[in-house]
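Enquirer: File follows, start-v7.pdb with PDB, C-alpha atoms:
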ATOM      1  CA  MET A 455     198.047 288.809 -32.043  1.00  0.00           C
ATOM      2  CA  ASN A 456     198.600 285.758 -29.805  1.00  0.00           C
ATOM      3  CA  SER A 457     201.681 283.611 -29.925  1.00  0.00           C
ATOM      4  CA  PRO A 458     201.145 279.841 -29.814  1.00  0.00           C
ATOM      5  CA  SER A 459     202.930 279.604 -26.462  1.00  0.00           C
ATOM      6  CA  MET A 460     200.764 282.248 -24.785  1.00  0.00           C
ATOM      7  CA  ALA A 461     198.759 280.829 -21.869  1.00  0.00           C
ATOM      8  CA  LYS A 462     194.982 281.011 -22.196  1.00  0.00           C
ATOM      9  CA  VAL A 463     192.595 282.165 -19.480  1.00  0.00           C
ATOM     10  CA  LYS A 464     189.014 280.924 -19.373  1.00  0.00           C
ATOM     11  CA  ILE A 465     186.486 283.698 -18.721  1.00  0.00           C
ATOM     12  CA  SER A 466     182.765 283.866 -18.131  1.00  0.00           C
ATOM     13  CA  SER A 467     180.570 286.891 -18.703  1.00  0.00           C
ATOM     14  CA  GLN A 468     177.055 287.941 -19.552  1.00  0.00           C
ATOM     15  CA  VAL A 469     176.094 290.102 -22.525  1.00  0.00           C
ATOM     16  CA  ASP A 470     172.837 291.360 -23.973  1.00  0.00           C
ATOM     17  CA  GLU A 471     171.168 288.901 -26.305  1.00  0.00           C
ATOM     18  CA  ALA A 472     171.272 291.331 -29.248  1.00  0.00           C
ATOM     19  CA  GLU A 473     175.038 291.849 -28.921  1.00  0.00           C
ATOM     20  CA  TRP A 474     175.581 288.098 -28.580  1.00  0.00           C
ATOM     21  CA  GLY A 475     173.668 287.509 -31.807  1.00  0.00           C
ATOM     22  CA  ALA A 476     175.646 290.217 -33.586  1.00  0.00           C
ATOM     23  CA  LEU A 477     178.904 288.683 -32.335  1.00  0.00           C
ATOM     24  CA  GLN A 478     177.889 285.243 -33.566  1.00  0.00           C
ATOM     25  CA  LYS A 479     177.052 286.705 -36.974  1.00  0.00           C
ATOM     26  CA  ILE A 480     180.434 288.421 -37.183  1.00  0.00           C
ATOM     27  CA  ALA A 481     182.179 285.178 -36.245  1.00  0.00           C
ATOM     28  CA  ARG A 482     180.273 283.226 -38.917  1.00  0.00           C
ATOM     29  CA  GLU A 483     180.870 285.843 -41.611  1.00  0.00           C
ATOM     30  CA  SER A 484     184.583 286.120 -40.821  1.00  0.00           C
ATOM     31  CA  GLY A 485     185.116 282.370 -40.459  1.00  0.00           C
ATOM     32  CA  GLN A 486     186.358 282.758 -36.888  1.00  0.00           C
ATOM     33  CA  SER A 487     185.340 281.108 -33.656  1.00  0.00           C
ATOM     34  CA  ILE A 488     183.554 283.110 -30.973  1.00  0.00           C
ATOM     35  CA  SER A 489     186.727 282.770 -28.909  1.00  0.00           C
ATOM     36  CA  GLY A 490     188.775 284.255 -31.752  1.00  0.00           C
ATOM     37  CA  VAL A 491     186.407 287.202 -32.167  1.00  0.00           C
ATOM     38  CA  LEU A 492     186.352 287.853 -28.411  1.00  0.00           C
ATOM     39  CA  THR A 493     190.158 287.639 -28.201  1.00  0.00           C
ATOM     40  CA  GLU A 494     190.468 290.142 -31.050  1.00  0.00           C
ATOM     41  CA  ALA A 495     187.906 292.472 -29.438  1.00  0.00           C
ATOM     42  CA  ILE A 496     189.675 292.339 -26.074  1.00  0.00           C
ATOM     43  CA  ALA A 497     193.063 293.021 -27.712  1.00  0.00           C
ATOM     44  CA  ASP A 498     191.588 296.023 -29.589  1.00  0.00           C
ATOM     45  CA  TYR A 499     190.033 297.363 -26.378  1.00  0.00           C
ATOM     46  CA  VAL A 500     193.303 297.012 -24.465  1.00  0.00           C
ATOM     47  CA  ARG A 501     195.298 298.743 -27.253  1.00  0.00           C
ATOM     48  CA  LYS A 502     192.774 301.568 -27.414  1.00  0.00           C
ATOM     49  CA  HIS A 503     192.982 302.239 -23.698  1.00  0.00           C
ATOM     50  CA  GLN A 504     196.743 301.841 -23.449  1.00  0.00           C
ATOM     51  CA  LEU A 505     197.342 304.508 -26.089  1.00  0.00           C
ATOM     52  CA  ARG A 506     195.774 307.289 -24.083  1.00  0.00           C
ATOM     53  CA  PRO A 507     198.626 307.771 -21.568  1.00  0.00           C
ATOM     54  CA  VAL A 508     201.122 307.962 -24.451  1.00  0.00           C
ATOM     55  CA  VAL A 509     199.051 310.608 -26.209  1.00  0.00           C
ATOM     56  CA  THR A 510     198.608 312.532 -22.970  1.00  0.00           C
ATOM     57  CA  ASP A 511     202.363 312.464 -22.374  1.00  0.00           C
ATOM     58  CA  HIS A 512     203.005 313.897 -25.853  1.00  0.00           C
ATOM     59  CA  ILE A 513     200.416 316.630 -25.374  1.00  0.00           C
ATOM     60  CA  GLU A 514     201.890 317.609 -22.005  1.00  0.00           C
ATOM     61  CA  ALA A 515     205.405 317.661 -23.468  1.00  0.00           C
ATOM     62  CA  SER A 516     204.224 319.863 -26.349  1.00  0.00           C
ATOM     63  CA  ILE A 517     202.503 322.271 -23.957  1.00  0.00           C
ATOM     64  CA  ASP A 518     205.669 322.475 -21.851  1.00  0.00           C
ATOM     65  CA  GLU A 519     207.856 323.069 -24.923  1.00  0.00           C
ATOM     66  CA  ASN A 520     205.544 325.777 -26.256  1.00  0.00           C
ATOM     67  CA  GLU A 521     204.644 327.489 -22.988  1.00  0.00           C
ATOM     68  CA  GLU A 522     205.810 330.940 -24.119  1.00  0.00           C
ATOM     69  CA  LEU A 523     203.934 330.646 -27.424  1.00  0.00           C
ATOM     70  CA  GLY A 524     200.808 329.659 -25.517  1.00  0.00           C
ATOM     71  CA  ARG A 525     201.063 332.749 -23.344  1.00  0.00           C
ATOM     72  CA  ARG A 526     201.475 335.001 -26.381  1.00  0.00           C
ATOM     73  CA  LEU A 527     198.498 333.433 -28.159  1.00  0.00           C
ATOM     74  CA  ALA A 528     196.346 333.812 -25.054  1.00  0.00           C
ATOM     75  CA  LYS A 529     196.735 337.610 -25.136  1.00  0.00           C
TER      76      LYS A 529
END
Write out the structure in this file as structure tokens.
Expert:
Amino acid sequence: MNSPSMAKVKISSQVDEAEWGALQKIARESGQSISGVLTEAIADYVRKHQLRPVVTDHIEASIDENEELGRRLAK
């Protein structure tokens, strides 16, 4: 996930009390710090949202490659 030489950025945010409690529970149960859990969550969120353009590109390429087939199936 993070390399030891990666610079850290301090952040501040507000979350609902229920989610904060759930996050603390997850951290305790997994033996991680809150910072570790938040870093993992942010990395997962970034990966999830960065994949979409790649998937879209593949779909568009497939549509372009199969344009004639698409026309035939539409009839």
Enquirer: How many Å lie between CA of Arg482 (chain A) and CA of Glu494 (chain A), rounded to one decimal?
Expert: 14.6 Å
Enquirer: To one decimal in Å, tell me the separation between CA of Ala476 (chain A) and CA of Ser489 (chain A).
Expert: 14.1 Å
Enquirer: Using all atoms of region 469-476 of chain A listed in the file and a margin of 3 Å per side, can you give the axis-aligned box centre and edge lengths in Å to one decimal, as AutoDock Vina command-line options?
Expert:
--center_x 173.6 --center_y 289.7 --center_z -28.1 --size_x 10.9 --size_y 10.3 --size_z 17.1
Enquirer: Kindly resolve the PyMOL selection byres ((chain A and resi 465) around 12) on the present coordinates and return the residues as a list in words.
Expert: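 Written out, the selection comes to Lys462, Val463, Lys464, Ser466, Ser467, Gln468, Ser489, Leu492, Thr493 and Ile496 of chain A.
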Enquirer: Store the residues picked out above in a file with C-alpha atoms, as a CSV table (one decimal), in the frame of the given file.
Expert:
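To be explicit, this is the file written out as selection33.csv:
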chain,number,residue,atom,x,y,z
A,462,LYS,CA,195.0,281.0,-22.2
A,463,VAL,CA,192.6,282.2,-19.5
A,464,LYS,CA,189.0,280.9,-19.4
A,466,SER,CA,182.8,283.9,-18.1
A,467,SER,CA,180.6,286.9,-18.7
A,468,GLN,CA,177.1,287.9,-19.6
A,489,SER,CA,186.7,282.8,-28.9
A,492,LEU,CA,186.4,287.9,-28.4
A,493,THR,CA,190.2,287.6,-28.2
A,496,ILE,CA,189.7,292.3,-26.1
